[in-house]
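Asker: This is the structure, below, for whatever I ask next.
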Amino acid sequence: MIPAVLALLLACDAEPPAPQEPTISPEEAEAAAEALLAQQVASEPAPADPGGEAPPDAAPAGAQVAELAQVVLVWEGIGPLYKNFFSTPDAVTVLAEGLGPHLADPVDVTIRYNTEDSVGDIFVRLRPDQLKRPVSTSGDEIALQDLAPITTALAAYRSQIAAQFDFRVESFRVSLESYRGARVCQLVLAGQPPPDGRLISPCVMVNNQKQCGQPKASGVSFPPGVAADVRACLDR
């Protein structure tokens with residue numbers, strides 16, 4: 001009898017099991033992120049009528065000087081002809097305008113083609129302190145969409161080269177990479193191919209392991225350990 005009572009008391013004193021973190025599949029995570037983006041786009045106000053007259057105190061066209069990034073094109077497996085394509089001055093200038101407000105100079109844009117897999121990539125490798133504005137975080141929630149202006153500029157650059165020279169360039173993947181010591185993070189795009197850069201996938205590659213979070217209107221909620229890795233990769 002005593003052992004049974006003792007066992008009952010010990011069972012009552014035992015700590016309850018830790019709650020299991022909810023898991024979400026990559027397909028579910030990206031579908032939820034796409035749905036949220038669609039809601040946000042639908043709720044945006046309609047653009048102003050371009051035919052309307054400008055107010056008297058409006059600044060004249062061209063008064064503001066674009067903030068150009070110092071873009072450095074880095075080649076991996078790209079032949080001379082395609083180097084010329086990707087180096088087209090007007091396309092690089094538009095890219096520099098898109099990246100300038102968000103990234104400190106110089107901005108290394110790597111263009112890579114793997115002949116074995118027939119896969120192309122266009123990505124920026126983020127250095128520490130390169131982001132001009134921090135990515136918003138709240139606990140384990142990280143606003144990956146704060147980086148969308150960067151990926152949108154990269155995707156637009158890819159599409160311009162594809163339209164001018166070779167439509168196959170449209171299949172090049174666009175991403176952001178970050179190395180912090182032994183930690184490597186890769187942020188890729190989601191959305192219908194070819195993704196236009198507006199939607200960053202809620203699944204982040206951390207040391208080659210896909211880690212998915214739960215998309216929300218204010219950011220992506222990751223498990224605590226994953227959130228710590230992603231925050232570290234996006235430090236300024």
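Convention: chains lettered A, B, ... in structure tokens order; per-chain residue numbering from 1; ligands numbered from 1 as shown.
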Near Glu34 (chain A), within 8 Å and counting only C-alpha atoms, which residues show up once chain neighbours fewer than 3 positions away are dropped, as a ChimeraX atom specification?
Answerer: /A:30-31,37-38,190-191,199
Asker: I'd like to know which of A:Glu170, A:Asp229, A:Glu116, A:Glu141 is closest to Val184 (chain A), using only C-alpha atoms.
Answerer: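 Counting only C-alpha atoms, the residue closest to Val184 (chain A) is A:Asp229.
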Asker: Got a sec: who's within 10 Å of Arg198 (chain A), counting only C-alpha atoms, leaving out chain neighbours fewer than 4 positions off, as a ChimeraX atom specification?
Answerer: /A:34,37,145,147-153,155,189-191
Asker: Record the distance separating CA of Ile111 (chain A) and CA of Ile200 (chain A), expressed in Å with one decimal.
Answerer: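 So the answer is 19.2 Å.
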Asker: Select from region 92-157 of chain A every residue with an atom at most 10 Å from any atom of region 65-79 of chain A, then for each give the shortest pair of atoms and their distance in Å to one decimal, using only C-alpha atoms, rows by chain and rising number, as CSV.
Answerer:
```
residue,atom,partner,partner_atom,distance
A:Val92,CA,A:Val71,CA,7.6
A:Thr93,CA,A:Leu68,CA,7.6
A:Val94,CA,A:Leu68,CA,8.7
A:Leu95,CA,A:Val71,CA,8.0
A:Ala96,CA,A:Ala69,CA,4.6
A:Glu97,CA,A:Leu68,CA,4.7
A:Gly98,CA,A:Leu68,CA,7.7
A:Leu99,CA,A:Ala69,CA,5.8
A:Gly100,CA,A:Ala69,CA,4.0
A:Pro101,CA,A:Glu67,CA,6.0
A:His102,CA,A:Ala69,CA,8.7
A:Leu103,CA,A:Ala69,CA,7.2
A:Ala104,CA,A:Ala69,CA,7.3
A:Asp105,CA,A:Gln70,CA,5.5
A:Pro106,CA,A:Gln70,CA,5.0
A:Val107,CA,A:Val71,CA,4.9
A:Asp108,CA,A:Val72,CA,4.8
A:Val109,CA,A:Leu73,CA,5.0
A:Thr110,CA,A:Val74,CA,4.5
A:Ile111,CA,A:Trp75,CA,5.3
A:Arg112,CA,A:Glu76,CA,4.4
A:Tyr113,CA,A:Gly77,CA,5.1
A:Asn114,CA,A:Gly77,CA,6.4
A:Thr115,CA,A:Gly77,CA,7.6
A:Gly120,CA,A:Gly77,CA,9.2
A:Asp121,CA,A:Glu76,CA,9.5
A:Ile122,CA,A:Val74,CA,9.7
A:Phe123,CA,A:Val74,CA,9.8
A:Val124,CA,A:Val74,CA,9.7
```
Asker: From the options A:Asp140, A:Leu126, A:Ser221, A:Arg183, which residue's atoms come nearest to Thr23 (chain A), counting only C-alpha atoms?
Answerer: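 Once distances to Thr23 (chain A) are computed over only C-alpha atoms, the minimum belongs to A:Ser221.
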Asker: Please determine, counting only C-alpha atoms, which residue among A:Thr88, A:Gln39, A:Asp166, A:Ser178 has the shortest atom-to-atom distance to Leu131 (chain A).
Answerer: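 Answer, going by the shortest atom-to-atom distance: A:Ser178.
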Asker: Kindly give the distance, in Å, that separates CA of Ala232 (chain A) and CA of Pro215 (chain A), rounded to a single decimal.
Answerer: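 Atom-to-atom, CA of Ala232 (chain A) and CA of Pro215 (chain A) are spaced 19.5 Å apart.
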Asker: Taking the DSSP secondary structure from the backbone, can you list the residues of region 152-192 of chain A that are strand (DSSP E), as a list of chain:residue names?
Answerer: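 Here are the strand (DSSP E) residues of region 152-192 of chain A: A:Arg173, A:Val174, A:Ser175, A:Leu176, A:Glu177, A:Ser178, A:Tyr179, A:Arg180, A:Arg183, A:Val184, A:Cys185, A:Gln186, A:Leu187, A:Val188.
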Asker: Considering only helix (DSSP H, G or I) as DSSP defines it on the backbone, what residues of region 22-194 of chain A qualify? List them as an MDAnalysis selection string.
Answerer: chainID A and resid 26:43 80:86 89:99 144:164 167:171
Asker: Pick the closest to Ser118 (chain A) from A:Tyr157, A:Phe167, A:Phe172, A:Tyr82: which is it, counting only C-alpha atoms?
Answerer: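 Result for the nearest residue to Ser118 (chain A): A:Phe172.
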Asker: My list of candidates is A:Val188, A:Val220, A:Ala156, A:Ala227. Which is closest to Ala91 (chain A) when distances are computed with only C-alpha atoms?
Answerer: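 Of A:Val188, A:Val220, A:Ala156, A:Ala227, the one nearest Ala91 (chain A), counting only C-alpha atoms, is A:Ala156.
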Asker: Excluding same-chain residues fewer than 2 positions from Leu187 (chain A), what lies within 6 Å of it counting only C-alpha atoms, as a ChimeraX atom specification?
Answerer: /A:175-176,204
